[in-house]
Structure formats: C-alpha cells, structure tokens
$ cat run.tsv   # TSV, C-alpha atoms and all ligand atoms
chain	number	residue	atom	x	y	z
A	382	MET	CA	19.08	61.37	3.14
A	383	VAL	CA	20.00	58.60	0.66
A	384	GLY	CA	20.89	56.24	3.53
A	385	LEU	CA	17.58	56.93	5.27
A	386	SER	CA	15.65	56.27	2.05
A	387	LEU	CA	17.52	53.02	1.48
A	388	SER	CA	16.76	51.83	4.98
A	389	TYR	CA	13.04	52.61	4.45
A	390	VAL	CA	13.09	50.74	1.13
A	391	LEU	CA	14.66	47.69	2.77
A	392	GLN	CA	12.00	47.74	5.51
A	393	LEU	CA	9.32	48.04	2.88
A	394	ILE	CA	10.64	44.96	1.03
A	395	GLY	CA	10.50	43.00	4.30
A	396	HIS	CA	6.89	44.08	4.86
A	397	ALA	CA	5.94	43.20	1.30
A	398	GLN	CA	7.43	39.70	1.70
A	399	TRP	CA	5.59	39.25	5.00
A	400	ALA	CA	2.30	40.34	3.37
A	401	VAL	CA	2.73	37.82	0.52
A	402	ARG	CA	3.51	35.04	3.02
A	403	GLN	CA	0.44	35.88	5.08
A	404	SER	CA	-1.83	35.98	2.04
A	405	VAL	CA	-0.59	32.52	1.01
A	406	GLU	CA	-1.29	31.24	4.56
A	407	VAL	CA	-4.82	32.65	4.42
A	408	GLU	CA	-5.38	31.05	1.00
A	409	LEU	CA	-4.21	27.67	2.35
A	410	CYS	CA	-6.54	27.96	5.37
A	411	PHE	CA	-9.47	28.68	3.07
A	412	ILE	CA	-8.59	25.65	0.92
A	413	SER	CA	-8.50	23.45	4.05
A	414	VAL	CA	-11.95	24.67	5.09
A	415	GLU	CA	-13.28	24.13	1.56
A	416	ARG	CA	-11.89	20.59	1.56
A	417	ASN	CA	-13.43	19.78	4.90
A	418	ILE	CA	-16.82	21.03	3.70
A	419	ALA	CA	-16.45	18.97	0.51
A	420	TYR	CA	-15.67	15.82	2.55
A	421	THR	CA	-18.71	16.32	4.78
A	422	GLN	CA	-20.92	16.53	1.70
A	423	LEU	CA	-19.63	13.35	0.03
A	424	PRO	CA	-22.40	10.80	-0.57
A	425	ARG	CA	-22.22	7.74	1.68
A	426	GLU	CA	-20.50	4.76	0.09
A	427	GLU	CA	-23.17	2.40	1.24
A	428	GLU	CA	-26.64	3.12	2.55
A	429	PRO	CA	-27.87	0.88	5.38
A	430	ASP	CA	-30.87	-0.35	3.34
A	431	GLU	CA	-28.51	-1.52	0.58
A	432	VAL	CA	-27.02	-4.09	2.91
A	433	ALA	CA	-30.13	-5.45	4.59
A	434	ASP	CA	-29.54	-8.85	2.96
A	435	ALA	CA	-25.75	-8.79	3.42
A	436	LEU	CA	-23.98	-11.99	4.27
A	437	GLU	CA	-23.23	-12.36	7.99
A	438	LEU	CA	-19.73	-13.57	8.75
A	439	GLU	CA	-19.75	-16.53	11.08
A	440	GLY	CA	-16.42	-16.68	12.84
A	441	PRO	CA	-13.09	-15.32	11.68
A	442	TRP	CA	-12.70	-14.66	7.98
A	443	PRO	CA	-10.56	-15.07	5.93
A	444	GLU	CA	-8.82	-18.05	7.48
A	445	GLU	CA	-6.83	-19.46	4.58
A	446	GLY	CA	-6.80	-16.46	2.26
A	447	ARG	CA	-7.59	-18.34	-0.94
A	448	ILE	CA	-8.67	-15.85	-3.59
A	449	GLU	CA	-10.68	-16.92	-6.65
A	450	ILE	CA	-11.16	-14.24	-9.28
A	451	ARG	CA	-13.34	-15.03	-12.28
A	452	ASP	CA	-13.98	-12.74	-15.26
A	453	LEU	CA	-13.46	-9.68	-13.09
A	454	SER	CA	-13.85	-6.32	-14.80
A	455	LEU	CA	-13.67	-2.88	-13.22
A	456	HIS	CA	-15.15	0.26	-14.74
A	457	TYR	CA	-14.41	3.57	-13.04
A	458	PHE	CA	-17.37	5.92	-13.08
A	459	GLY	CA	-17.08	8.40	-15.92
A	460	SER	CA	-14.43	6.39	-17.76
A	461	ASP	CA	-15.33	4.66	-21.03
A	462	ARG	CA	-12.51	2.09	-20.90
A	463	PRO	CA	-12.44	-0.69	-18.26
A	464	ALA	CA	-9.43	-0.44	-15.92
A	465	LEU	CA	-9.49	-4.24	-15.57
A	466	SER	CA	-11.06	-6.55	-18.07
A	467	LYS	CA	-12.04	-10.18	-17.60
A	468	ILE	CA	-9.39	-11.13	-15.09
A	469	THR	CA	-9.35	-14.76	-14.00
A	470	LEU	CA	-6.89	-15.81	-11.29
A	471	SER	CA	-6.59	-18.32	-8.50
A	472	LEU	CA	-4.40	-17.44	-5.51
A	473	GLY	CA	-3.58	-20.28	-3.13
A	474	LYS	CA	-3.52	-20.40	0.64
A	475	CYS	CA	-1.12	-17.84	2.15
A	476	GLU	CA	0.65	-17.20	-1.13
A	477	LYS	CA	2.85	-14.14	-1.53
A	478	ILE	CA	2.14	-12.53	-4.87
A	479	GLY	CA	4.11	-9.71	-6.49
A	480	VAL	CA	2.05	-7.59	-8.89
A	481	VAL	CA	4.04	-5.87	-11.62
A	482	GLY	CA	3.24	-3.93	-14.76
A	483	ARG	CA	3.79	-0.61	-16.41
A	484	THR	CA	2.10	2.55	-15.23
A	485	GLY	CA	-1.65	2.37	-15.80
A	486	ALA	CA	-1.55	-1.44	-16.12
A	487	GLY	CA	-4.23	-1.86	-13.44
A	488	LYS	CA	-2.16	-2.90	-10.40
A	489	SER	CA	-3.79	-0.47	-7.95
A	490	SER	CA	-7.18	-1.14	-9.52
A	491	LEU	CA	-6.86	-4.84	-8.73
A	492	LEU	CA	-6.14	-4.08	-5.08
A	493	SER	CA	-8.93	-1.54	-4.94
A	494	CYS	CA	-11.33	-4.29	-6.14
A	495	LEU	CA	-10.44	-6.34	-3.06
A	496	PHE	CA	-11.55	-3.45	-0.85
A	497	ARG	CA	-14.38	-2.38	-3.20
A	498	LEU	CA	-12.95	1.10	-3.16
A	499	ALA	CA	-14.16	2.55	-6.44
A	500	GLY	CA	-15.94	1.90	-9.69
A	501	HIS	CA	-18.31	-0.81	-10.80
A	502	LEU	CA	-17.27	-4.46	-10.48
A	503	GLU	CA	-18.41	-7.24	-12.78
A	504	GLY	CA	-17.58	-10.91	-12.46
A	505	SER	CA	-16.75	-12.67	-9.26
A	506	LEU	CA	-14.15	-12.24	-6.51
A	507	GLU	CA	-14.28	-14.80	-3.73
A	508	ILE	CA	-12.08	-14.93	-0.67
A	509	ASP	CA	-12.24	-18.28	1.12
A	510	GLY	CA	-15.44	-19.08	-0.72
A	511	ILE	CA	-17.21	-15.82	0.17
A	512	GLU	CA	-18.21	-13.47	-2.63
A	513	ILE	CA	-16.94	-10.10	-1.40
A	514	THR	CA	-19.75	-8.09	-3.01
A	515	ARG	CA	-22.21	-9.85	-0.68
A	516	LEU	CA	-20.49	-8.53	2.45
A	517	ARG	CA	-21.04	-5.20	4.18
A	518	LEU	CA	-18.22	-2.82	3.31
A	519	ALA	CA	-17.37	-2.43	6.99
A	520	ASP	CA	-17.04	-6.22	7.44
A	521	LEU	CA	-14.98	-6.60	4.29
A	522	ARG	CA	-12.55	-3.80	5.06
A	523	ALA	CA	-12.16	-4.66	8.75
A	524	ASN	CA	-10.87	-8.09	7.76
A	525	LEU	CA	-8.35	-7.15	5.07
A	526	SER	CA	-5.33	-4.91	5.50
A	527	ILE	CA	-3.55	-2.55	3.19
A	528	ILE	CA	-0.12	-1.01	3.63
A	529	PRO	CA	-0.24	2.18	1.58
A	530	GLN	CA	2.61	3.37	-0.56
A	531	GLU	CA	2.68	6.67	1.29
A	532	PRO	CA	2.36	6.11	5.02
A	533	PHE	CA	0.29	8.62	6.93
A	534	LEU	CA	0.68	9.58	10.56
A	535	PHE	CA	-2.15	11.33	12.40
A	536	GLU	CA	-1.72	14.16	14.85
A	537	GLY	CA	-1.83	12.69	18.36
A	538	THR	CA	0.30	10.26	20.32
A	539	LEU	CA	2.37	7.51	18.81
A	540	ARG	CA	0.14	5.02	20.63
A	541	PHE	CA	-2.95	6.53	18.97
A	542	ASN	CA	-1.31	6.03	15.58
A	543	VAL	CA	-0.69	2.34	16.24
A	544	ASP	CA	-4.05	1.66	17.94
A	545	PRO	CA	-6.49	4.45	16.99
A	546	PHE	CA	-9.56	2.77	18.49
A	547	ASN	CA	-7.81	1.92	21.76
A	548	GLU	CA	-8.57	-1.77	21.38
A	549	HIS	CA	-5.23	-3.21	22.44
A	550	THR	CA	-3.11	-3.39	25.58
A	551	ASP	CA	0.27	-1.66	25.82
A	552	ASP	CA	1.94	-5.07	25.54
A	553	GLU	CA	0.17	-5.72	22.25
A	554	VAL	CA	1.15	-2.27	20.94
A	555	TRP	CA	4.78	-2.94	21.88
A	556	ALA	CA	4.58	-6.36	20.19
A	557	ALA	CA	3.31	-4.67	16.99
A	558	LEU	CA	6.16	-2.17	17.14
A	559	GLU	CA	8.62	-5.00	17.62
A	560	ALA	CA	7.19	-6.83	14.61
A	561	ALA	CA	7.66	-3.65	12.58
A	562	GLU	CA	11.25	-3.41	13.90
A	563	LEU	CA	10.48	-0.08	15.57
A	564	LYS	CA	10.59	-1.13	19.22
A	565	ARG	CA	14.21	-0.11	19.81
A	566	LEU	CA	13.61	3.27	18.22
A	567	VAL	CA	10.43	4.00	20.17
A	568	SER	CA	11.89	2.82	23.51
A	569	ALA	CA	14.70	5.35	23.02
A	570	LEU	CA	12.21	8.25	22.82
A	571	PRO	CA	11.74	10.10	26.15
A	572	ASP	CA	7.93	9.80	26.07
A	573	LYS	CA	7.87	6.39	24.37
A	574	LEU	CA	4.27	5.51	23.34
A	575	GLU	CA	3.06	8.93	24.49
A	576	THR	CA	5.38	10.78	22.07
A	577	ARG	CA	3.36	13.50	20.33
A	578	ILE	CA	3.22	13.25	16.56
A	579	VAL	CA	2.61	16.54	14.80
A	580	GLU	CA	0.50	16.89	11.65
A	581	ASN	CA	1.52	14.40	8.95
A	582	GLY	CA	4.19	12.94	11.23
A	583	ARG	CA	6.69	15.61	10.29
A	584	ASN	CA	8.57	15.36	13.59
A	585	PHE	CA	8.53	11.56	13.62
A	586	SER	CA	10.04	11.16	10.18
A	587	VAL	CA	12.98	13.21	11.43
A	588	VAL	CA	13.50	10.49	14.02
A	589	MET	CA	12.99	7.69	11.51
A	590	ASP	CA	15.16	8.98	8.69
A	591	GLU	CA	18.55	7.50	9.06
A	592	PRO	CA	21.32	9.57	7.57
A	593	THR	CA	21.80	7.33	4.58
A	594	ALA	CA	20.76	7.56	1.00
A	595	ASN	CA	19.75	3.91	1.13
A	596	ILE	CA	16.83	4.43	3.48
A	597	ASP	CA	14.35	3.29	0.85
A	598	VAL	CA	16.19	0.08	0.14
A	599	GLN	CA	16.63	-0.52	3.87
A	600	THR	CA	12.98	0.20	4.66
A	601	ASP	CA	11.97	-2.04	1.79
A	602	ARG	CA	14.13	-4.83	3.25
A	603	ILE	CA	12.52	-4.45	6.68
A	604	ILE	CA	9.02	-4.50	5.17
A	605	GLN	CA	9.83	-7.57	3.10
A	606	ARG	CA	11.32	-9.33	6.12
A	607	SER	CA	8.17	-8.55	8.10
A	608	ILE	CA	5.96	-9.81	5.27
A	609	HIS	CA	7.68	-13.17	5.27
A	610	SER	CA	7.86	-13.54	9.05
A	611	GLN	CA	4.80	-11.76	10.49
A	612	PHE	CA	2.47	-12.44	7.57
A	613	ARG	CA	3.57	-16.04	7.04
A	614	ASN	CA	0.01	-17.29	7.53
A	615	MET	CA	-1.61	-14.68	5.33
A	616	THR	CA	-2.04	-14.12	1.63
A	617	VAL	CA	-0.11	-11.03	0.55
A	618	LEU	CA	-0.36	-9.08	-2.69
A	619	THR	CA	2.43	-6.57	-3.16
A	620	ILE	CA	2.52	-3.96	-5.90
A	621	ALA	CA	6.18	-3.92	-6.70
A	622	HIS	CA	7.85	-0.82	-8.01
A	623	ARG	CA	11.22	-2.52	-7.99
A	624	LEU	CA	11.59	-5.92	-9.59
A	625	HIS	CA	14.23	-6.61	-6.97
A	626	THR	CA	11.51	-6.69	-4.30
A	627	VAL	CA	9.52	-9.50	-5.85
A	628	LEU	CA	12.31	-11.47	-7.48
A	629	CYS	CA	14.81	-11.48	-4.63
A	630	GLU	CA	12.62	-11.61	-1.53
A	631	GLY	CA	11.01	-15.01	-1.95
A	632	TYR	CA	7.65	-14.18	-3.55
A	633	ASP	CA	5.75	-17.31	-4.58
A	634	LYS	CA	4.32	-15.94	-7.79
A	635	ILE	CA	4.45	-12.88	-10.02
A	636	LEU	CA	1.39	-11.43	-11.68
A	637	VAL	CA	2.16	-9.32	-14.75
A	638	LEU	CA	-0.64	-6.97	-15.74
A	639	ASP	CA	-0.89	-4.83	-18.84
A	640	GLN	CA	-3.79	-2.66	-19.97
A	641	GLY	CA	-6.05	-4.22	-17.37
A	642	GLN	CA	-5.33	-7.80	-18.44
A	643	VAL	CA	-3.33	-10.67	-16.99
A	644	LYS	CA	-0.31	-11.28	-19.17
A	645	GLU	CA	1.61	-13.74	-17.00
A	646	PHE	CA	1.10	-15.44	-13.65
A	647	ASP	CA	3.47	-18.04	-12.26
A	648	GLU	CA	6.57	-18.57	-10.16
A	649	PRO	CA	9.26	-15.98	-10.97
A	650	TRP	CA	11.86	-18.43	-12.27
A	651	VAL	CA	9.25	-20.30	-14.32
A	652	LEU	CA	8.27	-17.04	-16.03
A	653	LEU	CA	11.90	-16.12	-16.62
A	654	GLN	CA	12.37	-19.36	-18.61
A	655	ASN	CA	10.50	-17.71	-21.44
A	656	SER	CA	13.10	-15.26	-22.70
A	657	ASP	CA	10.50	-13.43	-24.77
A	658	GLY	CA	7.98	-13.26	-21.90
A	659	TRP	CA	6.71	-10.10	-20.22
A	660	LEU	CA	8.69	-10.54	-17.02
A	661	SER	CA	11.87	-11.44	-18.94
A	662	ARG	CA	11.53	-8.26	-20.98
A	663	MET	CA	10.98	-6.15	-17.86
A	664	VAL	CA	14.04	-7.74	-16.25
A	665	ALA	CA	16.12	-7.15	-19.39
A	666	GLU	CA	15.18	-3.46	-19.30
A	667	THR	CA	16.97	-3.05	-15.95
A	668	GLY	CA	20.34	-3.44	-17.75
A	669	PRO	CA	22.62	-6.45	-18.25
A	670	GLU	CA	24.23	-6.50	-14.80
A	671	THR	CA	21.04	-6.07	-12.77
A	672	ALA	CA	19.20	-8.48	-15.05
A	673	MET	CA	21.85	-11.15	-14.48
A	674	MET	CA	21.68	-10.64	-10.71
A	675	LEU	CA	17.86	-10.76	-10.70
A	676	ARG	CA	17.77	-13.92	-12.80
A	677	SER	CA	20.39	-15.76	-10.78
A	678	THR	CA	18.69	-14.83	-7.45
A	679	ALA	CA	15.29	-15.93	-8.79
A	680	LYS	CA	16.80	-19.24	-9.90
A	681	GLU	CA	18.55	-19.79	-6.58
A	682	LEU	CA	15.33	-19.10	-4.63
A	683	TYR	CA	13.34	-21.40	-6.92
A	684	LEU	CA	15.79	-24.29	-6.48
A	685	LYS	CA	15.91	-23.73	-2.70
A	686	LYS	CA	12.11	-23.65	-2.39
A	687	HIS	CA	11.58	-26.78	-4.46
A	688	SER	CA	14.40	-28.74	-2.83
A	689	HIS	CA	12.66	-28.06	0.53
A	690	GLN	CA	9.38	-29.32	-0.85
A	691	GLN	CA	10.83	-32.63	-2.06
B	701	LIG	N1	-10.23	6.87	-10.03
B	701	LIG	C1	-10.08	6.62	-11.33
B	701	LIG	N2	-11.01	7.07	-12.22
B	701	LIG	C2	-10.88	6.81	-13.54
B	701	LIG	N3	-9.86	6.10	-14.10
B	701	LIG	C3	-8.91	5.64	-13.26
B	701	LIG	C4	-8.97	5.88	-11.84
B	701	LIG	N4	-7.89	5.29	-11.27
B	701	LIG	C5	-7.20	4.71	-12.27
B	701	LIG	N5	-7.80	4.92	-13.47
B	701	LIG	C6	-7.37	4.41	-14.79
B	701	LIG	O1	-7.37	3.00	-14.72
B	701	LIG	C7	-6.23	2.45	-15.38
B	701	LIG	C8	-5.43	1.59	-14.42
B	701	LIG	O2	-4.89	2.44	-13.41
B	701	LIG	P1	-4.13	1.91	-12.11
B	701	LIG	O3	-3.90	3.06	-11.21
B	701	LIG	O4	-4.85	0.73	-11.58
B	701	LIG	O5	-2.75	1.41	-12.76
B	701	LIG	P2	-1.39	1.04	-12.03
B	701	LIG	O6	-0.86	-0.16	-12.74
B	701	LIG	O7	-1.60	0.93	-10.56
B	701	LIG	O8	-0.49	2.30	-12.39
B	701	LIG	P3	0.66	3.02	-11.51
B	701	LIG	O9	1.84	2.10	-11.51
B	701	LIG	O10	0.91	4.27	-12.29
B	701	LIG	O11	0.07	3.28	-10.14
B	701	LIG	C9	-5.46	3.64	-15.92
B	701	LIG	O12	-5.82	3.80	-17.27
B	701	LIG	C10	-5.92	4.80	-15.09
B	701	LIG	O13	-5.88	5.99	-15.83
$ encode --input "run.tsv" --output "structure tokens" --more "lines below"
Ligand SMILES: Nc1ncnc2c1ncn2[C@@H]1O[C@H](COP(=O)(O)OP(=O)(O)OP(=O)(O)O)[C@@H](O)[C@H]1O
Amino acid sequence: MVGLSLSYVLQLIGHAQWAVRQSVEVELCFISVERNIAYTQLPREEEPDEVADALELEGPWPEEGRIEIRDLSLHYFGSDRPALSKITLSLGKCEKIGVVGRTGAGKSSLLSCLFRLAGHLEGSLEIDGIEITRLRLADLRANLSIIPQEPFLFEGTLRFNVDPFNEHTDDEVWAALEAAELKRLVSALPDKLETRIVENGRNFSVVMDEPTANIDVQTDRIIQRSIHSQFRNMTVLTIAHRLHTVLCEGYDKILVLDQGQVKEFDEPWVLLQNSDGWLSRMVAETGPETAMMLRSTAKELYLKKHSHQQ
C-alpha cells in the first residue's frame, strides 16, 4: 500500500513539473504575441512628407569618409540631461578611430547619432560634406554599416543571413565569407550556403564556438584583422571594451569620452605621453604588467607608422 502511494506521489510530482513548464511556455508565447503587436503599432520613424525636400545623393556616398562634427548635442526623449553635449571633432579620410570611456560616457550615443537612431540632434554632423540630417533615413542608413556588439542570426538559410535581399551572386557571398574568415568553416558544412539556421542562430554558434576559452580574444583578433584589411578604404569607429583592441591593433586615433564630452582625441601614443591624461589613467587601471605591455605596443606602432610616413 505504501509502495503504491509512493509511486502515485512520484507520478504526481512529474505531472506538476510538466504543468509548470507548460504554463511558462504559454506565458512566453503570449509575451511574443504582445511584443509583435507592440512593434506593429510603433510610430513610423519618418513620414514621407517630412522628407519631401531631402537631399538627393548623386553618385556613391561617402567616398572618403571624412566626418566633421560641430557642437553636436544629443537629447534622448524624456531625459533631462543631454547624452552628448557640444561635441566638436574632425575625422580624416579612412581613419580608424577607437572610442573609449566609462559606462554611460556616450560612446553608443555618438554612433547612434551617425545613424540618427534616437533622440534629438543639435549642431552639425557632416560626412564628406553632406549634412546627415538633410538625407532620407533610408539613404543614410543604406550607406553606413554597423557591426553590433551582439550579432544576430535570422531563421532561414546561411545565405539569407549574409544576403537577406538576394542582391548578390553566390561568388560575392563566398567572397564576403572569405573576408570574414568563415569560408573554410562554411565549405565544411554539408549544405554549405543552404545550411538552415534556427532561431537566433543557436545551431550555428555550436559550429562556430571553438573549444577554447579564448574565443573572444580570437574573434576580436579576426575582426580587427578584417577591419584593417577589408575596411582599409573606409572610416571606422570602434567602441572598444578592451583597451588592448585599440592600442595594439593599429588604430589611428583614440577618442576618450566622459559624461557626453570629448576629453581626449589624438594618436594613442601621443595621448599616453601625458601621464595624467584620461587614456593614461585608464591604461594604468589595467594593472602594472598590462599597462606596460599596452604602452610599449602603442609606442612601437607609433614609431612604425611614422617611420613609414617619412
Ligand atoms: N535610449 C535612451 N534613453 C534615455 N537615455 C539614454 C538612452 N540611451 C542611453 N541613455 C543615457 O545616455 C548616456 C550615455 O549612454 P551611452 O549608452 O551612449 O553610453 P556608453 O558610453 O555607450 O555606455 P556603455 O559602455 O555602458 O554602453 C547615459 O547617461 C545613458 O543613461
């Protein structure tokens, strides 16, 4: 009798667990539906009549990637403090800029200004002589690229993820994969470009994750290598979470932001000459050994770059 009761109790526990799991699933499905409805009801970013007098791009833009920022301020809607205030900067042709600063310094806000993603902009931001607020959002965003911090893969084929609008030939898709150092990996997959990616790329990351704890450092290296080879003729702004990335990978200049203001902007080694400067203090905070390595690499790269230029 006791044994029979125990077996019923155990079954009951299993059913209870199953019921809880199912209720959580249902809750998640409802949240997804709610989110979808919320997205469909979002106001349009730009109404067609707002852009009737928009500037028409004649030919490819930007060609040199010179960026002139004058007195740029950004106010997020509903926030009383500006996220960026009176920023003035001049970025030269095809320069590689590392943007650093503490959390909340305004690094992402500066990049979101380039894409006019949020908030109210004041001042001027010109790319190759064109004031970006005079362009249609679609034209602006189609001509700039962003590599997000958290990559996102869509459900569909691998090819769809590389070329979602089906605008390129297979050869061009393979060339892009090669540039991203993924060609070998994708060619080894049985279905190659037709490999199915499940929601959020969960199955693909299994393929990508190498069994090493250093994957982040390695991936970072590959990205940095690609930036300097594939994006040689483009201006690149990188928000650096590791000082190593911008000090040891040949960035032309470092922009230090704090509380929405420019604190320092120059070549890494030039900034490190000021031992009491913002970048020097950030480097010192990484500890004596790392700081020494960062400083000596920055110096070496500076001397190499300038000896080439002479
Ligand atoms: N959508 C938003 N609405 C209102 N305020 C925002 C919004 N996004 C950022 N902020 C505020 O703007 C300021 C700058 O934030 P931002 O995200 O640009 O900093 P960050 O340097 O990129 O920081 P992190 O390194 O943490 O990403 C912060 O005070 C932040 O709270």
$ residues_near_ligand --input "run.tsv" --ligand "ligand LIG 701 (chain B)" --cutoff "6 Å" --atoms "all atoms listed in the file" --output "list in words"
Tyr457, Ser460, Ala464, Gly482, Arg483, Thr484, Gly485, Ala486, Gly487, Lys488, Ser489 and Ser490 of chain A
$ atom_distance --input "run.tsv" --atom1 "CA of Thr671 in chain A" --atom2 "CA of His625 in chain A"
9.0 Å
$ atom_distance --input "run.tsv" --atom1 "CA of Ser677 in chain A" --atom2 "CA of Met615 in chain A"
27.3 Å
$ atom_distance --input "run.tsv" --atom1 "CA of Ile412 in chain A" --atom2 "CA of Gln398 in chain A"
21.3 Å
$ closest_residue --input "run.tsv" --among "A:Glu503, A:Met663, A:Glu559, A:Pro649" --to "His622 in chain A" --atoms "all atoms listed in the file"
A:Met663
$ decode --input "run.tsv" --residues "range 446-467 of chain A" --atoms "N, CA, C and O atoms" --output "mmCIF file, in the first residue's frame"
data_model
loop_
_atom_site.group_PDB
_atom_site.id
_atom_site.type_symbol
_atom_site.label_atom_id
_atom_site.label_comp_id
_atom_site.auth_asym_id
_atom_site.auth_seq_id
_atom_site.Cartn_x
_atom_site.Cartn_y
_atom_site.Cartn_z
ATOM 1 N N GLY A 446 34.911 59.374 -46.550
ATOM 2 C CA GLY A 446 34.585 59.098 -45.153
ATOM 3 C C GLY A 446 35.135 60.128 -44.184
ATOM 4 O O GLY A 446 35.481 59.805 -43.048
ATOM 5 N N ARG A 447 35.233 61.386 -44.642
ATOM 6 C CA ARG A 447 35.650 62.442 -43.713
ATOM 7 C C ARG A 447 34.431 62.841 -42.884
ATOM 8 O O ARG A 447 33.352 63.069 -43.441
ATOM 9 N N ILE A 448 34.606 62.913 -41.585
ATOM 10 C CA ILE A 448 33.466 63.248 -40.725
ATOM 11 C C ILE A 448 33.780 64.540 -39.959
ATOM 12 O O ILE A 448 34.814 64.636 -39.288
ATOM 13 N N GLU A 449 32.909 65.523 -40.121
ATOM 14 C CA GLU A 449 33.077 66.802 -39.411
ATOM 15 C C GLU A 449 31.924 66.957 -38.436
ATOM 16 O O GLU A 449 30.763 67.036 -38.844
ATOM 17 N N ILE A 450 32.241 66.977 -37.158
ATOM 18 C CA ILE A 450 31.187 67.122 -36.147
ATOM 19 C C ILE A 450 31.387 68.463 -35.454
ATOM 20 O O ILE A 450 32.494 68.754 -34.983
ATOM 21 N N ARG A 451 30.344 69.281 -35.453
ATOM 22 C CA ARG A 451 30.482 70.599 -34.812
ATOM 23 C C ARG A 451 29.352 70.832 -33.815
ATOM 24 O O ARG A 451 28.169 70.714 -34.166
ATOM 25 N N ASP A 452 29.748 71.094 -32.559
ATOM 26 C CA ASP A 452 28.783 71.434 -31.497
ATOM 27 C C ASP A 452 27.607 70.465 -31.453
ATOM 28 O O ASP A 452 26.451 70.879 -31.323
ATOM 29 N N LEU A 453 27.909 69.187 -31.572
ATOM 30 C CA LEU A 453 26.833 68.196 -31.627
ATOM 31 C C LEU A 453 26.340 67.835 -30.219
ATOM 32 O O LEU A 453 27.127 67.460 -29.350
ATOM 33 N N SER A 454 25.037 67.981 -30.026
ATOM 34 C CA SER A 454 24.443 67.556 -28.753
ATOM 35 C C SER A 454 23.324 66.586 -29.059
ATOM 36 O O SER A 454 22.665 66.691 -30.091
ATOM 37 N N LEU A 455 23.134 65.629 -28.154
ATOM 38 C CA LEU A 455 22.055 64.650 -28.326
ATOM 39 C C LEU A 455 21.224 64.604 -27.048
ATOM 40 O O LEU A 455 21.758 64.412 -25.951
ATOM 41 N N HIS A 456 19.925 64.802 -27.212
ATOM 42 C CA HIS A 456 18.998 64.689 -26.074
ATOM 43 C C HIS A 456 18.083 63.514 -26.351
ATOM 44 O O HIS A 456 17.409 63.501 -27.385
ATOM 45 N N TYR A 457 18.079 62.522 -25.472
ATOM 46 C CA TYR A 457 17.091 61.446 -25.624
ATOM 47 C C TYR A 457 15.750 61.975 -25.161
ATOM 48 O O TYR A 457 15.681 62.768 -24.208
ATOM 49 N N PHE A 458 14.681 61.514 -25.831
ATOM 50 C CA PHE A 458 13.350 61.972 -25.443
ATOM 51 C C PHE A 458 13.063 61.507 -24.022
ATOM 52 O O PHE A 458 13.341 60.364 -23.666
ATOM 53 N N GLY A 459 12.559 62.405 -23.218
ATOM 54 C CA GLY A 459 12.183 62.055 -21.851
ATOM 55 C C GLY A 459 13.339 62.138 -20.875
ATOM 56 O O GLY A 459 13.189 61.843 -19.689
ATOM 57 N N SER A 460 14.532 62.510 -21.363
ATOM 58 C CA SER A 460 15.666 62.607 -20.443
ATOM 59 C C SER A 460 16.044 64.091 -20.300
ATOM 60 O O SER A 460 16.072 64.827 -21.284
ATOM 61 N N ASP A 461 16.313 64.541 -19.080
ATOM 62 C CA ASP A 461 16.562 65.974 -18.907
ATOM 63 C C ASP A 461 18.024 66.353 -19.152
ATOM 64 O O ASP A 461 18.350 67.510 -19.349
ATOM 65 N N ARG A 462 18.916 65.308 -19.144
ATOM 66 C CA ARG A 462 20.337 65.600 -19.321
ATOM 67 C C ARG A 462 20.775 65.192 -20.735
ATOM 68 O O ARG A 462 20.383 64.118 -21.196
ATOM 69 N N PRO A 463 21.572 66.022 -21.437
ATOM 70 C CA PRO A 463 22.000 65.579 -22.773
ATOM 71 C C PRO A 463 22.980 64.398 -22.670
ATOM 72 O O PRO A 463 23.834 64.375 -21.777
ATOM 73 N N ALA A 464 22.826 63.418 -23.572
ATOM 74 C CA ALA A 464 23.739 62.270 -23.562
ATOM 75 C C ALA A 464 25.078 62.664 -24.192
ATOM 76 O O ALA A 464 26.125 62.112 -23.867
ATOM 77 N N LEU A 465 25.026 63.641 -25.105
ATOM 78 C CA LEU A 465 26.255 64.198 -25.687
ATOM 79 C C LEU A 465 26.103 65.698 -25.647
ATOM 80 O O LEU A 465 25.027 66.223 -25.956
ATOM 81 N N SER A 466 27.172 66.416 -25.260
ATOM 82 C CA SER A 466 26.979 67.857 -25.281
ATOM 83 C C SER A 466 28.144 68.566 -25.951
ATOM 84 O O SER A 466 29.307 68.377 -25.603
ATOM 85 N N LYS A 467 27.771 69.303 -26.997
ATOM 86 C CA LYS A 467 28.692 70.183 -27.728
ATOM 87 C C LYS A 467 29.984 69.477 -28.147
ATOM 88 O O LYS A 467 31.089 69.912 -27.801
#
